[in-house]
There are 6 protein chains.
Amino acid sequence: MAILKVHTRKVPLAEDVDFEQLAAGTPGFSGADIKNLVNEAAMLAVRKKSPQVAMQHFDEARDKLLLGTVRTLAIQPQERHRLAVHEAGHTLVAYFLPHADPLYKVTIIPRGQALGGTHQLPEEERHTLPEDYLRDRLAVTLAGRSAEKELLGTVSSGADNDISQATALARAMAARWGMASEIGPVDLRDSEEHPFLGREIAQPRRYSEASAQAVDKAVRQLLHEAEEQAVSIIKAHRPALERLIAALEELETLQRDQIEQCLGPAEHKKSIEVVPH
Amino acid sequence: MAILKVHTRKVPLAEDVDFEQLAAGTPGFSGADIKNLVNEAAMLAVRKKSPQVAMQHFDEARDKLLLGTVRTLAIQPQERHRLAVHEAGHTLVAYFLPHADPLYKVTIIPRGQALGGTHQLPEEERHTLPEDYLRDRLAVTLAGRSAEKELLGTVSSGADNDISQATALARAMAARWGMASEIGPVDLRDSEEHPFLGREIAQPRRYSEASAQAVDKAVRQLLHEAEEQAVSIIKAHRPALERLIAALEELETLQRDQIEQCLGPAEHKKSIEVVPH
Amino acid sequence: MAILKVHTRKVPLAEDVDFEQLAAGTPGFSGADIKNLVNEAAMLAVRKKSPQVAMQHFDEARDKLLLGTVRTLAIQPQERHRLAVHEAGHTLVAYFLPHADPLYKVTIIPRGQALGGTHQLPEEERHTLPEDYLRDRLAVTLAGRSAEKELLGTVSSGADNDISQATALARAMAARWGMASEIGPVDLRDSEEHPFLGREIAQPRRYSEASAQAVDKAVRQLLHEAEEQAVSIIKAHRPALERLIAALEELETLQRDQIEQCLGPAEHKKSIEVVPH
Amino acid sequence: MAILKVHTRKVPLAEDVDFEQLAAGTPGFSGADIKNLVNEAAMLAVRKKSPQVAMQHFDEARDKLLLGTVRTLAIQPQERHRLAVHEAGHTLVAYFLPHADPLYKVTIIPRGQALGGTHQLPEEERHTLPEDYLRDRLAVTLAGRSAEKELLGTVSSGADNDISQATALARAMAARWGMASEIGPVDLRDSEEHPFLGREIAQPRRYSEASAQAVDKAVRQLLHEAEEQAVSIIKAHRPALERLIAALEELETLQRDQIEQCLGPAEHKKSIEVVPH
Amino acid sequence: MAILKVHTRKVPLAEDVDFEQLAAGTPGFSGADIKNLVNEAAMLAVRKKSPQVAMQHFDEARDKLLLGTVRTLAIQPQERHRLAVHEAGHTLVAYFLPHADPLYKVTIIPRGQALGGTHQLPEEERHTLPEDYLRDRLAVTLAGRSAEKELLGTVSSGADNDISQATALARAMAARWGMASEIGPVDLRDSEEHPFLGREIAQPRRYSEASAQAVDKAVRQLLHEAEEQAVSIIKAHRPALERLIAALEELETLQRDQIEQCLGPAEHKKSIEVVPH
Amino acid sequence: MAILKVHTRKVPLAEDVDFEQLAAGTPGFSGADIKNLVNEAAMLAVRKKSPQVAMQHFDEARDKLLLGTVRTLAIQPQERHRLAVHEAGHTLVAYFLPHADPLYKVTIIPRGQALGGTHQLPEEERHTLPEDYLRDRLAVTLAGRSAEKELLGTVSSGADNDISQATALARAMAARWGMASEIGPVDLRDSEEHPFLGREIAQPRRYSEASAQAVDKAVRQLLHEAEEQAVSIIKAHRPALERLIAALEELETLQRDQIEQCLGPAEHKKSIEVVPH
């Protein structure tokens, strides 16, 4: 917040600019990132001929920095509906699971590579990830696909990236972090950073086929349990989910208070406010 | 359509030129592509000493851009018959399957690398591919081979590319998109984009032989079901298929209305017109 | 034939030169190839002090272009006999199998890398290869070895290249073209063109050991059936085969009419003439 | 100690500087390292405007050289508690296991890449590592994770590096040093120093899958036994562990005498003083 | 012989020079090789101050060209005895097996990399290798080791190269030349010429583990049968073998007539003279 | 010896210099090596201000050339004892096994990379290694570890290099030299010299998993038998071993006569003198 204040000293700010909220929405931003953000917001204000930089300019600037530029894509109604179902699935499950990161926004406006997005804010900067947090994250990641299956009867290729991320996470849980009881605290990872390319490269496997099977089985078990959790939340909150889908199709982007209006109170869940659990 | 109009301002157009139809036949064309198309059509008109650029010039120009130049190949009658059976198979199954892309044209005139072709227009620009669409696409892809088998008693090496494409698609369905119920939403892909070459390269396999077997089994199951679907449509519409083969052998290229004349109404199927389903 | 006529305009031709036969014997020759052929034939005529270019000069020129130069190798009688048996085996089976390419010539004169050769003319330029044609080709390819085994009691390393080619073909039939019923239309090829080297390179296998076993089993089944077919033809036509061997050992090269004289009529087989079947 | 004296000749030393203790705390330091240490300590004294270089400057300089600079990280209370539990687990088990290296310090102040650390001094420069020493080291390495599990009910990704190190050590014990009785003195290592890159690179495995399974089983057995040992010590000394956690959360860093105060006498254990066992 | 005469026109030849024998002993020599041989022989004569080039100079020159220079190695009596046993084993079995290449010389004088050698002359230039010839070659190759085992009770590392060559040959017989009946005419080779390095390089295996096992089993079967054949000949001719060993230890090198004197008539075997069988 | 005399012509030699003994202690030394040795010995004499070059200078020079420079390492008493046990184990077993190379010296003074060493002189230059010699060498190589286990109750990482060497040797015996009866004379080596790097590189395995298991089993059997032989000799000569350990700890280096004094007569064993067996 201090850095924000420094960089906005010479910027004419609208009254609605809330530094606290801005700081909460930019976790992990370096000083340079924040300077960038302020410049971007100022340019947006100029472009829109606003005499002052308002909160909406900061919001838009942040999204652009984080997510890329809005794309205009011709999306057919049927596909747009599937997209709303998918994102609403992520959102619903993130909303009701106790250890999931709090929701910030959900949208079906394409940006960068993504057709839509469910945005969660890390409540805190996390340095270690506990098992219960990770299990909830798996369920949230698979929930878009689960919603398609429950509401539309079929899944689609739209879950490609979700499945890839969930599998990588489940594999780390089983093969690096000892979170599968049938495996225990053994390092069975299959890749390591390549010294030249600076990226993960699969090495010839160092362990037996039997161990590889144990890892695969544990990964599928973790993903299966996460999927079941997602489905059970979707089934339990079907009307809420449908309200959320309808709102998304109408408004395209829902902020956290709009999400709350659709979904009602989450009893066992921390409120959407950013508080430590 | 707007872009088409811009680029044809200075071009003497024949009366039969239908911008709407042209636009429908050039999905995904950029502005530069359309400029190219108009130039190519104009040059064809000049070469054929036509005072105006007619619809046929636009069609030919589009095919040349999309598919390469027509080749004159000495094809023996027996092989030409097999080719007609093969393409008619693709066309018939695409015509009667509810989720297949609509047909545009079928031909047995060699162009570029291909001896013939069944051309489908994407109804819409698709960004995600639902499972029912993918299953129908598998059946259409294998239908050329199925027709050879049903009508000629033997298959041939002509299905090489079809089998390769169908297998790659079925593998993505099973190993990336969670569409095989025995596998579930697990990422078991075996390759990833190579950082330098910009192409998919197989990595040392990251999962167990048992998982590889599960993927292989699911792939074969998907392809087997697709083949059965293709065969059942071929059996159910044998006389229509034979009309289509005869027409193809006579005319070499059939446009969408000619296909419809041969095959009659497809009840559960959207008409060939480009409409959202 | 037209190209032949162009290039021979200034060449003094003997009366026996038959353009039709020449054209049939040079399928796939480009214009440049034919020009080459005519030059080569002219040079041979000069070297042999013939005032005109005769059919024999064209034949020799074509063989030299296609097969390389005749080599003088010291071959011992015993090995020469084995060679005659081997080539006669290929010839006999190609003669009696209905879908094999028609025979053109058989020889035990070493040329280039080969000690001898059975030459078949593609009846037509083939673009797709039907299963029955491929099965007959497998049998012809293995027939040299089968003849050695039947007549001499032992096989030899001389079948190295035959076995390699037959295996590659059978592998394509099983793993690429869906011609093994236990496998079906699945792409299980293990290599692809390398982007830089322009040659097939084995990739890390993308499918399971179980699938690899299925392919291997199908390949061996295809080769086993082809071998049985070769052997049964050899057994059924043993006297004809021995006449062919004797003629080969005496004359070293047999043209298609000489082959026919040895082998008699092939009932279910198209005549040796180049006709479409 | 002699080298220390040489390099400190011209340095104004505070009275509390104890060369013997300094030498004990810098095992394996070369002459250049010690020169470095003295310079660093002198610079710290200057920066803190101390007229003399005191023991605290030497301590801080040594930590900086060995571990990197202190980082200021925003760590949430819940995560900080988990961190204290984790480090206290390492410390407790190292304290009570007879062959573990003696403890020097434990901290939850982030330094370099690490969020915290349990520091043990090698009693002596070891050139060969006996099996009992190695087994205790495995237990100490896994004890942070065991403490999280026992006290917090869940494990976390914070054990990533511990598991990786313990697995590598157990693998060396089983596959290089003959310490798994079911394997015996056989070299089954899977990597060797690469000649150019100067790092371990996995080679294609030289031994059978059966041997790989035997190694994996032995590795898991060693880790399982180590984990059980860690858990049993944690259960036996739960109140002491909780005192240690509370002290760590309060003071952030505990020196060896503070650790001893929390944990009381270790009967079967050498005292924390550096003595040969 | 003609080439020999050309190159020796200006060379003063001793009376014992036998062109026929020389030609028989230099199969596969090119004109350049023969010129080399004559020069080398002339230089040897000069060095030995002989006024004429005698047969012994030609022999020595040929050995030097073919085998490298004689080495003076300190070989202990016990090892020298083992060496004689080993070479006599090769010689005995080559002598009595009907399809083995005829013997030329056996020696225990080290030359180049080899400690000794059994030299066989190819009777003829072979272009294809029949199965019976190959089986006898396997037995001859393993016979040195078999003789060590039978006469000395132990084998030694001296058979390293023999085993390597015999295995490579048996592998070609089973996996390339269809000489193992359980495998049949299938190409299961595991390597191919590398395009750049010009040498055989193992590719990732293209076939299943089951096929690899079948090849391995067939290879071991072929080697086992060859070994049994070698042993049975050694047992049947033990006194002759011992005469040969004694002669070798005394004379160090035995020419073909000396071998015959030791071993007596080989009934079912072609005489040692170079005649076609 | 002759070369020694040449290079020492201008060197003032002490009376105790024994050329015969020097020659016996430098097997395989080239002329250049011996020149080096004499220079090194002369420099040592100068450095020690000795007017003549004495036998001790030659000994020290040879050790330096063969083994590297003496290192001063701080080794704790407990580890020094383990080291003495380890080296004494090697020495005892080498002393009593009939085919082992004769002992020259044993030491616990670190030199180069090694903490200690048991030095054996090859009695003769060996060119081939008989099986009984190799089996004894395996036992000697594993004997250090066996002694640690028998006398100290635990093994240590100090056997890393021994196990690596013994495994490589056993692997050669089983997979290259046909010394495992269940495998026979088959080449199953898994590596070959790389053409560029000039070192052994593992190739993709050319044989089946079943063969790999057979090799692994044979390797473990060979090592197990060697270990049992080492243990039985250690148990049978326990008091002698303890005398040897005590002497080593006292004197640090034992020459061959001192070893003999500790161990007494080895009945079935050649004396320590260098004589052919």
# chains A, B, ... in the order shown; residues from 1 in each chain; ligands from 1
call {"tool": "select_by_dssp", "arguments": {"residues": "range 70-109 of chain A", "states": "strand (DSSP E)", "output": "VMD selection string"}}
result
chain A and resid 103 to 107
call {"tool": "write_last_selection", "arguments": {"atoms": "N, CA, C and O atoms", "output": "PDB file, in the first residue's frame"}}
result
ATOM      1  N   LEU A 103     -12.755 -16.425  -3.886  1.00  0.00           N
ATOM      2  CA  LEU A 103     -13.074 -16.011  -5.249  1.00  0.00           C
ATOM      3  C   LEU A 103     -12.944 -14.515  -5.407  1.00  0.00           C
ATOM      4  O   LEU A 103     -13.253 -13.741  -4.494  1.00  0.00           O
ATOM      5  N   TYR A 104     -12.565 -14.098  -6.598  1.00  0.00           N
ATOM      6  CA  TYR A 104     -12.434 -12.682  -6.859  1.00  0.00           C
ATOM      7  C   TYR A 104     -13.379 -12.270  -7.984  1.00  0.00           C
ATOM      8  O   TYR A 104     -14.036 -11.256  -7.931  1.00  0.00           O
ATOM      9  N   LYS A 105     -13.483 -13.127  -9.007  1.00  0.00           N
ATOM     10  CA  LYS A 105     -14.238 -12.747 -10.195  1.00  0.00           C
ATOM     11  C   LYS A 105     -14.423 -13.975 -11.047  1.00  0.00           C
ATOM     12  O   LYS A 105     -13.594 -14.884 -11.033  1.00  0.00           O
ATOM     13  N   VAL A 106     -15.494 -14.021 -11.819  1.00  0.00           N
ATOM     14  CA  VAL A 106     -15.645 -15.076 -12.818  1.00  0.00           C
ATOM     15  C   VAL A 106     -16.134 -14.418 -14.104  1.00  0.00           C
ATOM     16  O   VAL A 106     -16.927 -13.477 -14.062  1.00  0.00           O
ATOM     17  N   THR A 107     -15.627 -14.894 -15.239  1.00  0.00           N
ATOM     18  CA  THR A 107     -15.950 -14.213 -16.492  1.00  0.00           C
ATOM     19  C   THR A 107     -16.013 -15.205 -17.645  1.00  0.00           C
ATOM     20  O   THR A 107     -15.388 -16.262 -17.598  1.00  0.00           O
TER      21      THR A 107
END
call {"tool": "interface_residues", "arguments": {"of": "chain D", "to": "chain F", "cutoff": "7 Å", "atoms": "only C-alpha atoms", "output": "number ranges by chain"}}
result
D: 124, 128-131, 176-177, 185-187, 203-204, 206-208, 210
call {"tool": "atom_distance", "arguments": {"atom1": "CA of Phe19 in chain D", "atom2": "CA of Asn36 in chain D"}}
result
15.6 Å
call {"tool": "residues_around", "arguments": {"residues": "Ala246 in chain D", "least_positions_apart": "3", "cutoff": "12 Å", "atoms": "only C-alpha atoms", "output": "list in words"}}
result
Arg80, His81, Arg82, Leu83, Ala84, Val85, Glu87, Ala88, Ile108, Pro239, Ala240, Leu241, Glu242, Arg243, Glu249, Glu250, Leu251, Glu252, Thr253, Leu254, Ile259 and Cys262 of chain D
call {"tool": "write_last_selection", "arguments": {"atoms": "N, CA and C atoms", "output": "PDB file, in the first residue's frame"}}
result
ATOM      1  N   ARG D  80       3.401 -20.054   9.709  1.00  0.00           N
ATOM      2  CA  ARG D  80       4.534 -19.929  10.626  1.00  0.00           C
ATOM      3  C   ARG D  80       4.472 -21.010  11.715  1.00  0.00           C
ATOM      4  N   HIS D  81       3.279 -21.312  12.171  1.00  0.00           N
ATOM      5  CA  HIS D  81       3.127 -22.384  13.158  1.00  0.00           C
ATOM      6  C   HIS D  81       3.553 -23.720  12.552  1.00  0.00           C
ATOM      7  N   ARG D  82       3.089 -23.999  11.338  1.00  0.00           N
ATOM      8  CA  ARG D  82       3.474 -25.253  10.676  1.00  0.00           C
ATOM      9  C   ARG D  82       4.992 -25.345  10.541  1.00  0.00           C
ATOM     10  N   LEU D  83       5.600 -24.218  10.200  1.00  0.00           N
ATOM     11  CA  LEU D  83       7.050 -24.172  10.043  1.00  0.00           C
ATOM     12  C   LEU D  83       7.754 -24.503  11.358  1.00  0.00           C
ATOM     13  N   ALA D  84       7.256 -23.952  12.449  1.00  0.00           N
ATOM     14  CA  ALA D  84       7.855 -24.224  13.766  1.00  0.00           C
ATOM     15  C   ALA D  84       7.709 -25.699  14.124  1.00  0.00           C
ATOM     16  N   VAL D  85       6.521 -26.257  13.833  1.00  0.00           N
ATOM     17  CA  VAL D  85       6.306 -27.687  14.095  1.00  0.00           C
ATOM     18  C   VAL D  85       7.309 -28.512  13.300  1.00  0.00           C
ATOM     19  N   GLU D  87      10.323 -27.686  11.928  1.00  0.00           N
ATOM     20  CA  GLU D  87      11.723 -27.593  12.361  1.00  0.00           C
ATOM     21  C   GLU D  87      11.917 -28.240  13.731  1.00  0.00           C
ATOM     22  N   ALA D  88      10.934 -28.073  14.590  1.00  0.00           N
ATOM     23  CA  ALA D  88      11.030 -28.694  15.914  1.00  0.00           C
ATOM     24  C   ALA D  88      11.077 -30.211  15.791  1.00  0.00           C
ATOM     25  N   ILE D 108      13.370 -20.376  12.546  1.00  0.00           N
ATOM     26  CA  ILE D 108      12.288 -20.249  11.572  1.00  0.00           C
ATOM     27  C   ILE D 108      12.386 -18.906  10.852  1.00  0.00           C
ATOM     28  N   PRO D 239       5.480 -33.677  25.045  1.00  0.00           N
ATOM     29  CA  PRO D 239       5.529 -32.399  25.790  1.00  0.00           C
ATOM     30  C   PRO D 239       6.796 -31.608  25.491  1.00  0.00           C
ATOM     31  N   ALA D 240       7.908 -32.298  25.401  1.00  0.00           N
ATOM     32  CA  ALA D 240       9.161 -31.601  25.090  1.00  0.00           C
ATOM     33  C   ALA D 240       9.062 -30.936  23.732  1.00  0.00           C
ATOM     34  N   LEU D 241       8.472 -31.649  22.768  1.00  0.00           N
ATOM     35  CA  LEU D 241       8.324 -31.098  21.427  1.00  0.00           C
ATOM     36  C   LEU D 241       7.470 -29.829  21.468  1.00  0.00           C
ATOM     37  N   GLU D 242       6.410 -29.862  22.243  1.00  0.00           N
ATOM     38  CA  GLU D 242       5.545 -28.682  22.295  1.00  0.00           C
ATOM     39  C   GLU D 242       6.243 -27.493  22.958  1.00  0.00           C
ATOM     40  N   ARG D 243       7.073 -27.790  23.955  1.00  0.00           N
ATOM     41  CA  ARG D 243       7.876 -26.698  24.539  1.00  0.00           C
ATOM     42  C   ARG D 243       8.805 -26.100  23.485  1.00  0.00           C
ATOM     43  N   GLU D 249       8.453 -20.369  18.219  1.00  0.00           N
ATOM     44  CA  GLU D 249       7.522 -19.332  17.769  1.00  0.00           C
ATOM     45  C   GLU D 249       7.790 -18.008  18.471  1.00  0.00           C
ATOM     46  N   GLU D 250       8.230 -18.119  19.729  1.00  0.00           N
ATOM     47  CA  GLU D 250       8.502 -16.890  20.465  1.00  0.00           C
ATOM     48  C   GLU D 250       9.822 -16.247  20.050  1.00  0.00           C
ATOM     49  N   LEU D 251      10.878 -17.085  20.000  1.00  0.00           N
ATOM     50  CA  LEU D 251      12.236 -16.536  19.849  1.00  0.00           C
ATOM     51  C   LEU D 251      12.760 -16.615  18.414  1.00  0.00           C
ATOM     52  N   GLU D 252      12.139 -17.403  17.586  1.00  0.00           N
ATOM     53  CA  GLU D 252      12.495 -17.574  16.166  1.00  0.00           C
ATOM     54  C   GLU D 252      13.775 -18.365  15.945  1.00  0.00           C
ATOM     55  N   THR D 253      14.788 -18.163  16.805  1.00  0.00           N
ATOM     56  CA  THR D 253      16.022 -18.944  16.678  1.00  0.00           C
ATOM     57  C   THR D 253      16.414 -19.454  18.052  1.00  0.00           C
ATOM     58  N   LEU D 254      16.740 -20.748  18.124  1.00  0.00           N
ATOM     59  CA  LEU D 254      17.207 -21.307  19.393  1.00  0.00           C
ATOM     60  C   LEU D 254      18.625 -21.821  19.204  1.00  0.00           C
ATOM     61  N   ILE D 259      17.971 -25.176  23.133  1.00  0.00           N
ATOM     62  CA  ILE D 259      17.362 -26.457  22.736  1.00  0.00           C
ATOM     63  C   ILE D 259      17.421 -27.429  23.898  1.00  0.00           C
ATOM     64  N   CYS D 262      14.843 -26.807  26.550  1.00  0.00           N
ATOM     65  CA  CYS D 262      13.502 -27.281  26.196  1.00  0.00           C
ATOM     66  C   CYS D 262      13.386 -28.790  26.307  1.00  0.00           C
TER      67      CYS D 262
END
call {"tool": "select_by_dssp", "arguments": {"residues": "range 108-259 of chain F", "states": "alpha helix (DSSP H)", "output": "PyMOL selection string"}}
result
chain F and resi 131-147+160-175+209-236+238-251+256-259
